[in-house]
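Next up, model22.txt (compact mmCIF, C-alpha atoms (C1' of nucleotides)):
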# COMPACT_ATOMS: atom_id res chain seq x y z
CA MET Z 17 -24.04 -28.03 32.59
CA GLN Z 18 -24.73 -24.37 33.18
CA ILE Z 19 -28.13 -22.81 32.92
CA GLY Z 20 -27.64 -21.60 29.35
CA ALA Z 21 -26.94 -25.10 28.09
CA VAL Z 22 -29.95 -26.54 29.89
CA ALA Z 23 -32.06 -23.76 28.48
CA ARG Z 24 -30.96 -24.65 24.95
CA LYS Z 25 -31.48 -28.36 25.48
CA SER Z 26 -34.84 -28.07 27.18
CA GLY Z 27 -36.27 -25.14 25.31
CA VAL Z 28 -37.02 -23.37 28.57
CA PRO Z 29 -35.41 -19.90 28.79
CA ALA Z 30 -32.78 -19.47 31.48
CA LYS Z 31 -34.83 -16.73 33.10
CA THR Z 32 -37.79 -19.03 33.25
CA ILE Z 33 -35.73 -21.80 34.80
CA ARG Z 34 -34.64 -19.42 37.55
CA TYR Z 35 -38.24 -18.36 37.93
CA TYR Z 36 -39.38 -21.98 38.29
CA GLU Z 37 -36.76 -22.44 40.94
CA SER Z 38 -37.86 -19.30 42.73
CA VAL Z 39 -41.47 -20.46 42.95
CA GLY Z 40 -40.46 -23.94 44.00
CA LEU Z 41 -41.55 -25.80 40.89
CA ILE Z 42 -38.07 -27.25 40.60
CA ALA Z 43 -35.52 -27.79 43.32
CA ALA Z 44 -32.74 -25.27 43.84
CA ALA Z 45 -29.84 -26.25 41.61
CA ARG Z 46 -26.43 -27.18 42.94
CA ARG Z 47 -23.85 -24.47 42.49
CA GLU Z 48 -20.38 -24.48 41.02
CA ALA Z 49 -17.55 -22.82 42.92
CA SER Z 50 -18.33 -19.70 40.92
CA GLY Z 51 -21.86 -19.60 42.20
CA TYR Z 52 -23.24 -20.64 38.81
CA ARG Z 53 -26.10 -23.13 38.81
CA SER Z 54 -25.10 -26.62 37.77
CA TYR Z 55 -27.40 -29.11 36.06
CA GLY Z 56 -27.45 -32.67 34.79
CA ASP Z 57 -29.38 -34.47 32.07
CA PRO Z 58 -32.25 -35.43 34.37
CA ASP Z 59 -32.85 -31.74 34.90
CA VAL Z 60 -33.26 -31.30 31.18
CA GLU Z 61 -35.85 -34.08 31.20
CA THR Z 62 -37.71 -32.44 34.02
CA LEU Z 63 -37.79 -29.13 32.22
CA ARG Z 64 -39.06 -30.79 29.08
CA PHE Z 65 -41.80 -32.42 31.11
CA ILE Z 66 -42.73 -29.04 32.50
CA GLN Z 67 -42.63 -27.51 29.06
CA ARG Z 68 -45.04 -30.09 27.69
CA ALA Z 69 -47.41 -29.88 30.61
CA ARG Z 70 -47.49 -26.10 30.32
CA GLY Z 71 -48.13 -26.57 26.62
CA LEU Z 72 -51.24 -28.51 27.53
CA GLY Z 73 -52.36 -25.56 29.57
CA PHE Z 74 -51.73 -26.94 33.04
CA SER Z 75 -51.00 -24.18 35.52
CA VAL Z 76 -47.62 -24.08 37.18
CA ARG Z 77 -49.24 -25.36 40.34
CA GLN Z 78 -50.82 -28.26 38.48
CA VAL Z 79 -47.53 -28.99 36.81
CA GLY Z 80 -46.02 -29.21 40.26
CA ASP Z 81 -48.59 -31.83 41.16
CA LEU Z 82 -47.96 -33.75 37.95
CA LEU Z 83 -44.26 -33.60 38.54
CA ALA Z 84 -44.69 -35.03 42.01
CA LEU Z 85 -46.82 -37.84 40.64
CA TRP Z 86 -44.35 -38.48 37.88
CA GLN Z 87 -41.60 -38.92 40.40
CA ASP Z 88 -43.71 -41.03 42.71
CA ARG Z 89 -43.34 -44.70 41.90
CA ALA Z 90 -46.31 -45.48 44.12
CA ARG Z 91 -48.67 -43.10 42.34
CA HIS Z 92 -52.05 -44.23 41.16
CA SER Z 93 -52.87 -43.36 37.59
CA ALA Z 94 -56.28 -42.38 38.94
CA GLN Z 95 -54.69 -39.33 40.55
CA VAL Z 96 -53.17 -38.23 37.29
CA LYS Z 97 -56.39 -38.89 35.45
CA ALA Z 98 -58.44 -36.92 37.95
CA LEU Z 99 -56.13 -33.95 37.73
CA SER Z 100 -56.27 -34.09 33.96
CA ILE Z 101 -60.02 -34.38 33.83
CA GLU Z 102 -60.32 -31.36 36.05
CA HIS Z 103 -58.04 -29.41 33.79
CA LEU Z 104 -59.90 -30.61 30.73
CA ALA Z 105 -63.11 -29.23 32.19
CA GLU Z 106 -61.45 -25.85 32.69
CA ILE Z 107 -60.29 -25.85 29.12
CA GLU Z 108 -63.73 -26.73 27.84
CA ALA Z 109 -65.26 -23.96 29.88
CA LYS Z 110 -62.83 -21.50 28.38
CA ILE Z 111 -63.55 -22.77 24.90
CA ALA Z 112 -67.27 -22.42 25.47
CA ALA Z 113 -66.88 -18.88 26.74
CA LEU Z 114 -64.73 -17.92 23.78
CA GLN Z 115 -67.12 -19.53 21.34
CA GLY Z 116 -69.94 -17.51 22.78
CA MET Z 117 -67.94 -14.35 22.23
CA ARG Z 118 -66.98 -15.44 18.78
CA ASP Z 119 -70.52 -16.18 17.72
CA THR Z 120 -71.86 -12.89 18.94
CA LEU Z 121 -68.97 -10.99 17.48
CA GLU Z 122 -69.24 -12.71 14.13
CA HIS Z 123 -72.89 -11.93 13.99
CA LEU Z 124 -72.34 -8.28 14.80
CA ILE Z 125 -69.47 -7.95 12.36
CA GLU Z 126 -71.57 -9.40 9.59
CA GLY Z 127 -74.20 -6.77 10.18
CA CYS Z 128 -71.73 -3.92 10.03
CA GLN Z 129 -71.32 -2.17 6.73
CA GLY Z 130 -67.77 -1.17 7.46
CA ASP Z 131 -67.89 2.00 5.39
CA ASP Z 132 -67.43 5.68 6.16
CA ARG Z 133 -70.83 6.10 7.74
CA PRO Z 134 -71.22 6.12 11.51
CA GLU Z 135 -74.08 3.65 11.81
CA CYS Z 136 -72.76 0.49 13.35
CA PRO Z 137 -74.63 -2.44 14.84
CA ILE Z 138 -71.60 -3.40 16.87
CA LEU Z 139 -71.63 -0.16 18.80
CA ALA Z 140 -75.40 -0.22 18.88
CA ASP Z 141 -75.29 -3.59 20.56
CA LEU Z 142 -72.66 -2.57 23.04
CA ALA Z 143 -74.71 0.49 23.82
CA GLY Z 144 -77.51 -1.85 24.72
CA SER Z 145 -79.89 -1.11 21.88
CA SER Z 146 -81.72 -4.32 22.63
CA GLY Z 147 -80.62 -5.75 19.28
CA ALA Z 148 -78.55 -8.93 19.29
CA GLU Z 149 -77.63 -9.27 22.90
CA THR Z 150 -74.12 -9.86 24.10
CA VAL Z 151 -74.67 -13.56 24.60
CA LYS Z 152 -76.80 -14.65 27.46
CA MET X 23 -75.58 9.31 42.40
CA GLN X 24 -72.74 7.91 44.42
CA ILE X 25 -70.48 5.15 43.26
CA GLY X 26 -72.43 2.42 45.03
CA ALA X 27 -75.64 3.29 43.21
CA VAL X 28 -73.89 3.39 39.85
CA ALA X 29 -72.30 0.08 40.64
CA ARG X 30 -75.69 -1.48 41.32
CA LYS X 31 -77.27 0.05 38.22
CA SER X 32 -74.44 -0.79 35.87
CA GLY X 33 -73.37 -4.10 37.29
CA VAL X 34 -69.78 -2.90 37.51
CA PRO X 35 -68.35 -3.16 41.05
CA ALA X 36 -67.43 0.11 42.71
CA LYS X 37 -63.83 -1.00 43.00
CA THR X 38 -63.73 -1.70 39.32
CA ILE X 39 -65.20 1.69 38.51
CA ARG X 40 -62.44 3.34 40.51
CA TYR X 41 -59.97 1.12 38.75
CA TYR X 42 -61.31 2.14 35.34
CA GLU X 43 -60.95 5.73 36.37
CA SER X 44 -57.41 5.16 37.56
CA VAL X 45 -56.34 3.68 34.24
CA GLY X 46 -58.08 6.36 32.26
CA LEU X 47 -60.80 4.23 30.71
CA ILE X 48 -63.39 6.61 32.08
CA ALA X 49 -62.99 10.26 32.99
CA ALA X 50 -62.45 11.24 36.60
CA ALA X 51 -65.81 11.72 38.24
CA ARG X 52 -66.95 15.01 39.69
CA ARG X 53 -66.82 15.14 43.45
CA GLU X 54 -69.37 16.10 46.03
CA ALA X 55 -68.40 18.42 48.85
CA SER X 56 -67.60 15.33 50.87
CA GLY X 57 -65.10 14.16 48.31
CA TYR X 58 -67.38 11.35 47.19
CA ARG X 59 -67.57 10.66 43.48
CA SER X 60 -70.75 11.86 41.81
CA TYR X 61 -72.33 10.27 38.74
CA GLY X 62 -75.24 10.74 36.38
CA ASP X 63 -77.29 8.38 34.23
CA PRO X 64 -75.00 8.71 31.22
CA ASP X 65 -72.22 7.31 33.35
CA VAL X 66 -74.31 4.25 34.01
CA GLU X 67 -74.76 3.83 30.25
CA THR X 68 -71.05 4.13 29.69
CA LEU X 69 -70.31 1.51 32.30
CA ARG X 70 -72.84 -0.83 30.76
CA PHE X 71 -71.19 -0.33 27.41
CA ILE X 72 -67.85 -1.18 28.95
CA GLN X 73 -69.34 -4.18 30.69
CA ARG X 74 -70.71 -5.57 27.43
CA ALA X 75 -67.53 -4.93 25.50
CA ARG X 76 -65.48 -6.65 28.20
CA GLY X 77 -67.95 -9.50 28.04
CA LEU X 78 -67.11 -9.91 24.39
CA GLY X 79 -63.49 -10.23 25.40
CA PHE X 80 -62.24 -6.85 24.25
CA SER X 81 -59.26 -5.70 26.29
CA VAL X 82 -59.59 -2.60 28.39
CA ARG X 83 -57.47 -0.78 25.85
CA GLN X 84 -59.71 -1.90 23.03
CA VAL X 85 -62.76 -0.91 25.02
CA GLY X 86 -61.20 2.52 25.30
CA ASP X 87 -60.99 2.69 21.53
CA LEU X 88 -64.57 1.48 21.12
CA LEU X 89 -65.72 4.01 23.67
CA ALA X 90 -64.00 6.79 21.75
CA LEU X 91 -65.64 5.66 18.54
CA TRP X 92 -68.99 5.36 20.21
CA GLN X 93 -68.76 8.93 21.36
CA ASP X 94 -67.49 10.18 18.03
CA ARG X 95 -70.34 11.23 15.79
CA ALA X 96 -67.97 11.40 12.84
CA ARG X 97 -66.74 7.85 13.24
CA HIS X 98 -66.66 5.45 10.33
CA SER X 99 -68.20 2.09 10.97
CA ALA X 100 -65.20 0.68 9.13
CA GLN X 101 -63.05 1.58 12.11
CA VAL X 102 -65.28 -0.30 14.49
CA LYS X 103 -65.48 -3.23 12.15
CA ALA X 104 -61.72 -3.39 11.74
CA LEU X 105 -61.18 -3.36 15.48
CA SER X 106 -63.75 -6.09 15.91
CA ILE X 107 -62.32 -8.25 13.19
CA GLU X 108 -58.92 -7.99 14.76
CA HIS X 109 -60.34 -9.03 18.09
CA LEU X 110 -62.28 -11.86 16.49
CA ALA X 111 -59.05 -13.20 15.07
CA GLU X 112 -57.48 -13.17 18.51
CA ILE X 113 -60.43 -15.06 19.90
CA GLU X 114 -60.25 -17.64 17.18
CA ALA X 115 -56.56 -18.12 17.77
CA LYS X 116 -57.24 -18.74 21.43
CA ILE X 117 -60.01 -21.17 20.62
CA ALA X 118 -57.75 -23.05 18.26
CA ALA X 119 -55.00 -23.26 20.85
CA LEU X 120 -57.40 -24.50 23.49
CA GLN X 121 -58.93 -27.02 21.13
CA GLY X 122 -55.50 -28.40 20.43
CA MET X 123 -54.94 -28.84 24.13
CA ARG X 124 -58.34 -30.35 24.61
CA ASP X 125 -57.90 -32.88 21.83
CA THR X 126 -54.54 -34.03 23.08
CA LEU X 127 -55.73 -34.14 26.63
CA GLU X 128 -58.89 -36.03 25.78
CA HIS X 129 -56.87 -38.56 23.89
CA LEU X 130 -54.45 -39.06 26.76
CA ILE X 131 -57.20 -39.27 29.34
CA GLU X 132 -58.99 -41.91 27.33
CA GLY X 133 -55.87 -44.03 27.32
CA CYS X 134 -55.42 -43.79 31.07
CA GLN X 135 -56.83 -46.59 33.16
CA GLY X 136 -57.36 -44.37 36.14
CA ASP X 137 -56.87 -47.12 38.68
CA ASP X 138 -54.41 -47.74 41.49
CA ARG X 139 -51.56 -48.74 39.24
CA PRO X 140 -48.82 -46.28 38.36
CA GLU X 141 -48.77 -46.81 34.60
CA CYS X 142 -50.16 -43.71 32.97
CA PRO X 143 -50.00 -42.61 29.34
CA ILE X 144 -50.55 -39.02 30.39
CA LEU X 145 -47.33 -38.91 32.37
CA ALA X 146 -45.64 -41.01 29.75
CA ASP X 147 -46.51 -38.45 27.13
CA LEU X 148 -45.41 -35.53 29.25
CA ALA X 149 -42.18 -37.35 29.92
CA GLY X 150 -41.68 -37.42 26.17
CA SER X 151 -42.10 -41.12 25.57
CA SER X 152 -42.66 -40.41 21.90
CA GLY X 153 -46.24 -41.62 22.16
CA ALA X 154 -49.03 -39.21 21.30
CA GLU X 155 -47.22 -35.95 21.02
CA THR X 156 -48.28 -32.82 22.80
CA VAL X 157 -49.93 -31.33 19.76
CA LYS X 158 -47.79 -30.17 16.93
C1' DC J 27 -5.34 -6.99 30.78
C1' DT J 28 -9.19 -6.46 28.18
C1' DT J 29 -13.02 -8.25 25.52
C1' DG J 30 -16.99 -11.21 25.14
C1' DA J 31 -19.87 -14.57 26.59
C1' DC J 32 -21.47 -16.34 30.36
C1' DC J 33 -23.49 -16.08 34.93
C1' DT J 34 -25.55 -13.75 39.42
C1' DT J 35 -29.37 -11.09 42.06
C1' DC J 36 -32.93 -7.70 42.35
C1' DT J 37 -36.51 -4.64 40.79
C1' DA J 38 -40.22 -3.67 38.12
C1' DG J 39 -43.61 -4.20 34.46
C1' DT J 40 -47.38 -6.88 32.11
C1' DA J 41 -53.56 -7.51 32.47
C1' DA J 42 -57.39 -6.60 34.97
C1' DC J 43 -58.86 -6.56 38.70
C1' DT J 44 -59.76 -7.84 43.95
C1' DA J 45 -59.03 -7.84 48.97
C1' DG J 46 -58.04 -5.50 52.89
C1' DA J 47 -56.48 -1.81 55.90
C1' DA J 48 -57.14 2.62 57.93
C1' DG J 49 -59.92 6.27 58.14
C1' DG J 50 -63.51 10.16 56.68
C1' DT J 51 -68.87 11.26 55.84
C1' DT J 52 -73.71 10.88 56.23
C1' DT J 53 -77.91 9.44 58.04
C1' DA J 54 -80.65 7.39 61.44
C1' DT J 55 -81.50 6.27 65.99
C1' DT J 56 -81.07 6.44 70.83
C1' DA Q 24 -74.97 14.80 71.77
C1' DA Q 25 -73.30 10.30 71.07
C1' DT Q 26 -73.18 6.30 68.48
C1' DA Q 27 -73.90 2.87 65.08
C1' DA Q 28 -74.52 1.51 60.28
C1' DA Q 29 -73.74 2.21 55.78
C1' DC Q 30 -71.44 4.72 52.81
C1' DC Q 31 -67.30 6.66 50.90
C1' DT Q 32 -61.95 7.72 50.46
C1' DT Q 33 -56.91 6.36 49.36
C1' DC Q 34 -53.17 3.15 49.32
C1' DT Q 35 -50.88 -1.25 49.37
C1' DA Q 36 -50.45 -5.66 47.95
C1' DG Q 37 -51.78 -10.09 45.89
C1' DT Q 38 -53.15 -12.76 41.77
C1' DT Q 39 -50.49 -15.64 37.01
C1' DA Q 40 -46.44 -16.63 34.65
C1' DC Q 41 -43.22 -14.75 33.12
C1' DT Q 42 -39.97 -11.05 30.81
C1' DA Q 43 -36.91 -6.99 30.56
C1' DG Q 44 -33.37 -4.52 32.33
C1' DA Q 45 -29.87 -2.92 35.54
C1' DA Q 46 -25.60 -3.61 37.95
C1' DG Q 47 -22.12 -6.52 38.56
C1' DG Q 48 -19.26 -11.18 39.12
C1' DT Q 49 -16.62 -15.20 36.36
C1' DC Q 50 -14.02 -17.32 32.95
C1' DA Q 51 -11.53 -18.39 28.62
C1' DA Q 52 -9.21 -16.41 24.73
C1' DG Q 53 -6.26 -13.07 22.52

Spit out the file's structure as structure tokens when you get a sec.
Amino acid sequence: MQIGAVARKSGVPAKTIRYYESVGLIAAARREASGYRSYGDPDVETLRFIQRARGLGFSVRQVGDLLALWQDRARHSAQVKALSIEHLAEIEAKIAALQGMRDTLEHLIEGCQGDDRPECPILADLAGSSGAETVK
Amino acid sequence: MQIGAVARKSGVPAKTIRYYESVGLIAAARREASGYRSYGDPDVETLRFIQRARGLGFSVRQVGDLLALWQDRARHSAQVKALSIEHLAEIEAKIAALQGMRDTLEHLIEGCQGDDRPECPILADLAGSSGAETVK
DNA sequence: CTTGACCTTCTAGTAACTAGAAGGTTTATT
DNA sequence: AATAAACCTTCTAGTTACTAGAAGGTCAAG
């Protein structure tokens, strides 16, 4: 299989596959006589695994760790769980930060007339007019 | 005031102030005979404004727009409101995406024993074992 | 023998900084 | 005067995870 076919089957763009190879997330592919990369079905599986893990927000580095565990028959599920819990915490922190922004923003937007006059509590807040503070 | 003082007063690191200048978010500062950048109190206010807007998640580009509106006496609050609503939508989209990840991840983590055995529903899911799907 | 669909590598751009290097200026102290 | 400490300057490069584009090689069909 050439890279285009793997890309179609896995859903990972060919450019991204080359990128993953370049950063060492996946092993360098065998080459055909032409110099074209050559893949097999297991490679498609690997790319799908990567795709899903990335979809859950794991960083490429974390995906590398997961991949290693996946391919390690002697792994302990505790390792996978620990990695996942760590990532979950990061996600929750991001959610909390975004919710803080959302709440403040919603509040400010509500207070803004949104007409052709210049008065605007959003700008007033950003300017530091002591009003509703930009989240603590 | 030199850049270090403004940095302390505004809370924006000197390097970041230079960066903001380099990308045109703030005007190039006047220079002292020495070549050092020179600032006044209004500059501190501007940087605080930027700081707060960034804290609400506005992109540097958006902050530039907000800054322009802030300094425009003829602005319409509707413009500010529109920009903010747009940004709020982006934030909510991010929150939703992260919540999807969190829910899936939580579910998978719950199902994982986390012991010294290799069986792991997290890896199984990533491998595409049809189980709990990686969010729809 | 040319067209089209593939493939290759390499460079650079994206967002928003941050770190570090190499070196100039100012102020205080010896 | 010399020197040290604390500032400041510019420039380069690294961070994350790709993506776009350029220039060019390969292969099958017409």

Worksheet item: Near Gln121 (chain X), within 10 Å and counting all atoms listed in the file, which residues show up once chain neighbours fewer than 6 positions away are dropped, as a PyMOL selection string?
Response: (chain Z and resi 107-108+110-111) or (chain X and resi 115+127)

Item to complete: Starting from chain Q, keep only residues with some atom at most 10 Å from an atom of chain Z, counting only C-alpha atoms (C1' of nucleotides), and report them as a VMD selection string.
Response: chain Q and resid 39 to 42 48 to 50

Using all atoms listed in the file, find the residues of chain J whose closest atom to chain X is at most 9 Å away, then write them as a PDB file with C-alpha atoms (C1' of nucleotides), in the coordinates of the input.
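This is the output file selection04.pdb:
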ATOM      1  C1'  DA J  41     -53.560  -7.510  32.470  1.00  0.00           C
ATOM      2  C1'  DA J  42     -57.390  -6.600  34.970  1.00  0.00           C
ATOM      3  C1'  DC J  43     -58.860  -6.560  38.700  1.00  0.00           C
ATOM      4  C1'  DT J  44     -59.760  -7.840  43.950  1.00  0.00           C
ATOM      5  C1'  DG J  50     -63.510  10.160  56.680  1.00  0.00           C
ATOM      6  C1'  DT J  51     -68.870  11.260  55.840  1.00  0.00           C
TER       7       DT J  51
END

Around all the atoms of region 37-45 of chain Z listed in the file, with 8 Å of room on each side, what axis-aligned box do you get, giving centre and edge lengths in Å to one decimal, as AutoDock Vina command-line options?
--center_x -35.7 --center_y -23.5 --center_z 42.3 --size_x 27.7 --size_y 24.5 --size_z 19.4

Overlay target chain X, mobile chain Z, all C-alpha paired in order, as a JSON list (two decimals) with C-alpha atoms, in the coordinates of the input:
[["chain", "number", "residue", "atom", "x", "y", "z"],
["Z", 17, "MET", "CA", -75.59, 9.36, 42.37],
["Z", 18, "GLN", "CA", -72.75, 7.97, 44.42],
["Z", 19, "ILE", "CA", -70.49, 5.21, 43.27],
["Z", 20, "GLY", "CA", -72.42, 2.47, 45.07],
["Z", 21, "ALA", "CA", -75.63, 3.32, 43.25],
["Z", 22, "VAL", "CA", -73.90, 3.41, 39.87],
["Z", 23, "ALA", "CA", -72.29, 0.11, 40.67],
["Z", 24, "ARG", "CA", -75.69, -1.44, 41.36],
["Z", 25, "LYS", "CA", -77.26, 0.06, 38.27],
["Z", 26, "SER", "CA", -74.43, -0.79, 35.91],
["Z", 27, "GLY", "CA", -73.35, -4.08, 37.35],
["Z", 28, "VAL", "CA", -69.77, -2.87, 37.57],
["Z", 29, "PRO", "CA", -68.32, -3.11, 41.11],
["Z", 30, "ALA", "CA", -67.43, 0.18, 42.75],
["Z", 31, "LYS", "CA", -63.82, -0.90, 43.05],
["Z", 32, "THR", "CA", -63.73, -1.63, 39.37],
["Z", 33, "ILE", "CA", -65.21, 1.74, 38.53],
["Z", 34, "ARG", "CA", -62.45, 3.43, 40.51],
["Z", 35, "TYR", "CA", -59.96, 1.20, 38.77],
["Z", 36, "TYR", "CA", -61.32, 2.19, 35.34],
["Z", 37, "GLU", "CA", -60.97, 5.79, 36.35],
["Z", 38, "SER", "CA", -57.43, 5.22, 37.55],
["Z", 39, "VAL", "CA", -56.34, 3.72, 34.24],
["Z", 40, "GLY", "CA", -58.11, 6.40, 32.25],
["Z", 41, "LEU", "CA", -60.81, 4.26, 30.70],
["Z", 42, "ILE", "CA", -63.41, 6.63, 32.07],
["Z", 43, "ALA", "CA", -63.03, 10.27, 32.96],
["Z", 44, "ALA", "CA", -62.45, 11.29, 36.57],
["Z", 45, "ALA", "CA", -65.84, 11.76, 38.20],
["Z", 46, "ARG", "CA", -67.01, 15.06, 39.63],
["Z", 47, "ARG", "CA", -66.89, 15.19, 43.39],
["Z", 48, "GLU", "CA", -69.45, 16.16, 45.98],
["Z", 49, "ALA", "CA", -68.46, 18.53, 48.77],
["Z", 50, "SER", "CA", -67.65, 15.45, 50.81],
["Z", 51, "GLY", "CA", -65.14, 14.27, 48.28],
["Z", 52, "TYR", "CA", -67.42, 11.44, 47.16],
["Z", 53, "ARG", "CA", -67.59, 10.73, 43.44],
["Z", 54, "SER", "CA", -70.78, 11.91, 41.79],
["Z", 55, "TYR", "CA", -72.36, 10.31, 38.74],
["Z", 56, "GLY", "CA", -75.27, 10.74, 36.37],
["Z", 57, "ASP", "CA", -77.30, 8.36, 34.22],
["Z", 58, "PRO", "CA", -75.01, 8.70, 31.20],
["Z", 59, "ASP", "CA", -72.23, 7.32, 33.35],
["Z", 60, "VAL", "CA", -74.31, 4.24, 34.01],
["Z", 61, "GLU", "CA", -74.76, 3.82, 30.26],
["Z", 62, "THR", "CA", -71.06, 4.13, 29.70],
["Z", 63, "LEU", "CA", -70.31, 1.52, 32.31],
["Z", 64, "ARG", "CA", -72.84, -0.83, 30.79],
["Z", 65, "PHE", "CA", -71.18, -0.35, 27.42],
["Z", 66, "ILE", "CA", -67.85, -1.19, 28.98],
["Z", 67, "GLN", "CA", -69.34, -4.19, 30.72],
["Z", 68, "ARG", "CA", -70.69, -5.58, 27.46],
["Z", 69, "ALA", "CA", -67.52, -4.95, 25.52],
["Z", 70, "ARG", "CA", -65.48, -6.66, 28.22],
["Z", 71, "GLY", "CA", -67.97, -9.50, 28.07],
["Z", 72, "LEU", "CA", -67.09, -9.91, 24.42],
["Z", 73, "GLY", "CA", -63.49, -10.24, 25.43],
["Z", 74, "PHE", "CA", -62.23, -6.85, 24.29],
["Z", 75, "SER", "CA", -59.26, -5.71, 26.35],
["Z", 76, "VAL", "CA", -59.60, -2.60, 28.43],
["Z", 77, "ARG", "CA", -57.48, -0.78, 25.89],
["Z", 78, "GLN", "CA", -59.72, -1.92, 23.06],
["Z", 79, "VAL", "CA", -62.75, -0.92, 25.04],
["Z", 80, "GLY", "CA", -61.22, 2.52, 25.33],
["Z", 81, "ASP", "CA", -60.98, 2.67, 21.57],
["Z", 82, "LEU", "CA", -64.56, 1.48, 21.15],
["Z", 83, "LEU", "CA", -65.73, 4.00, 23.67],
["Z", 84, "ALA", "CA", -64.02, 6.78, 21.78],
["Z", 85, "LEU", "CA", -65.63, 5.64, 18.55],
["Z", 86, "TRP", "CA", -68.98, 5.35, 20.23],
["Z", 87, "GLN", "CA", -68.77, 8.93, 21.36],
["Z", 88, "ASP", "CA", -67.48, 10.16, 18.03],
["Z", 89, "ARG", "CA", -70.34, 11.21, 15.79],
["Z", 90, "ALA", "CA", -67.96, 11.37, 12.85],
["Z", 91, "ARG", "CA", -66.72, 7.81, 13.25],
["Z", 92, "HIS", "CA", -66.66, 5.43, 10.35],
["Z", 93, "SER", "CA", -68.20, 2.06, 11.01],
["Z", 94, "ALA", "CA", -65.19, 0.67, 9.17],
["Z", 95, "GLN", "CA", -63.03, 1.57, 12.16],
["Z", 96, "VAL", "CA", -65.28, -0.30, 14.52],
["Z", 97, "LYS", "CA", -65.47, -3.24, 12.17],
["Z", 98, "ALA", "CA", -61.71, -3.40, 11.78],
["Z", 99, "LEU", "CA", -61.16, -3.36, 15.51],
["Z", 100, "SER", "CA", -63.73, -6.08, 15.94],
["Z", 101, "ILE", "CA", -62.31, -8.25, 13.21],
["Z", 102, "GLU", "CA", -58.91, -7.99, 14.80],
["Z", 103, "HIS", "CA", -60.33, -9.04, 18.12],
["Z", 104, "LEU", "CA", -62.26, -11.85, 16.51],
["Z", 105, "ALA", "CA", -59.03, -13.20, 15.07],
["Z", 106, "GLU", "CA", -57.47, -13.18, 18.54],
["Z", 107, "ILE", "CA", -60.41, -15.06, 19.92],
["Z", 108, "GLU", "CA", -60.24, -17.64, 17.17],
["Z", 109, "ALA", "CA", -56.56, -18.14, 17.77],
["Z", 110, "LYS", "CA", -57.23, -18.74, 21.43],
["Z", 111, "ILE", "CA", -60.01, -21.17, 20.61],
["Z", 112, "ALA", "CA", -57.75, -23.06, 18.25],
["Z", 113, "ALA", "CA", -55.00, -23.28, 20.83],
["Z", 114, "LEU", "CA", -57.41, -24.52, 23.47],
["Z", 115, "GLN", "CA", -58.93, -27.04, 21.10],
["Z", 116, "GLY", "CA", -55.51, -28.43, 20.40],
["Z", 117, "MET", "CA", -54.94, -28.88, 24.11],
["Z", 118, "ARG", "CA", -58.34, -30.37, 24.55],
["Z", 119, "ASP", "CA", -57.91, -32.90, 21.80],
["Z", 120, "THR", "CA", -54.56, -34.08, 23.04],
["Z", 121, "LEU", "CA", -55.74, -34.17, 26.60],
["Z", 122, "GLU", "CA", -58.89, -36.07, 25.75],
["Z", 123, "HIS", "CA", -56.89, -38.59, 23.85],
["Z", 124, "LEU", "CA", -54.46, -39.09, 26.70],
["Z", 125, "ILE", "CA", -57.21, -39.30, 29.29],
["Z", 126, "GLU", "CA", -58.99, -41.95, 27.29],
["Z", 127, "GLY", "CA", -55.88, -44.07, 27.29],
["Z", 128, "CYS", "CA", -55.43, -43.83, 31.03],
["Z", 129, "GLN", "CA", -56.83, -46.63, 33.11],
["Z", 130, "GLY", "CA", -57.34, -44.43, 36.12],
["Z", 131, "ASP", "CA", -56.84, -47.20, 38.65],
["Z", 132, "ASP", "CA", -54.38, -47.80, 41.47],
["Z", 133, "ARG", "CA", -51.54, -48.81, 39.20],
["Z", 134, "PRO", "CA", -48.80, -46.34, 38.32],
["Z", 135, "GLU", "CA", -48.75, -46.84, 34.56],
["Z", 136, "CYS", "CA", -50.15, -43.75, 32.94],
["Z", 137, "PRO", "CA", -50.00, -42.65, 29.32],
["Z", 138, "ILE", "CA", -50.55, -39.06, 30.35],
["Z", 139, "LEU", "CA", -47.34, -38.94, 32.33],
["Z", 140, "ALA", "CA", -45.63, -41.05, 29.72],
["Z", 141, "ASP", "CA", -46.50, -38.49, 27.10],
["Z", 142, "LEU", "CA", -45.41, -35.58, 29.20],
["Z", 143, "ALA", "CA", -42.18, -37.39, 29.87],
["Z", 144, "GLY", "CA", -41.67, -37.47, 26.15],
["Z", 145, "SER", "CA", -42.10, -41.18, 25.54],
["Z", 146, "SER", "CA", -42.64, -40.47, 21.87],
["Z", 147, "GLY", "CA", -46.24, -41.68, 22.15],
["Z", 148, "ALA", "CA", -49.01, -39.24, 21.28],
["Z", 149, "GLU", "CA", -47.18, -35.99, 21.06],
["Z", 150, "THR", "CA", -48.28, -32.86, 22.82],
["Z", 151, "VAL", "CA", -49.86, -31.40, 19.71],
["Z", 152, "LYS", "CA", -47.60, -30.17, 17.01]]

Applying 9 Å and all atoms listed in the file, which residues near Asp63 (chain X) remain after dropping the ones on its own chain fewer than 4 positions away? List them as a short mmCIF file (atom, residue, chain, number, x, y, z; two decimals) with C-alpha atoms, in the coordinates of the input.
data_model
loop_
_atom_site.label_atom_id
_atom_site.label_comp_id
_atom_site.auth_asym_id
_atom_site.auth_seq_id
_atom_site.Cartn_x
_atom_site.Cartn_y
_atom_site.Cartn_z
CA MET X 23 -75.58 9.31 42.40
CA VAL X 28 -73.89 3.39 39.85
CA GLU X 67 -74.76 3.83 30.25
CA THR X 68 -71.05 4.13 29.69
#
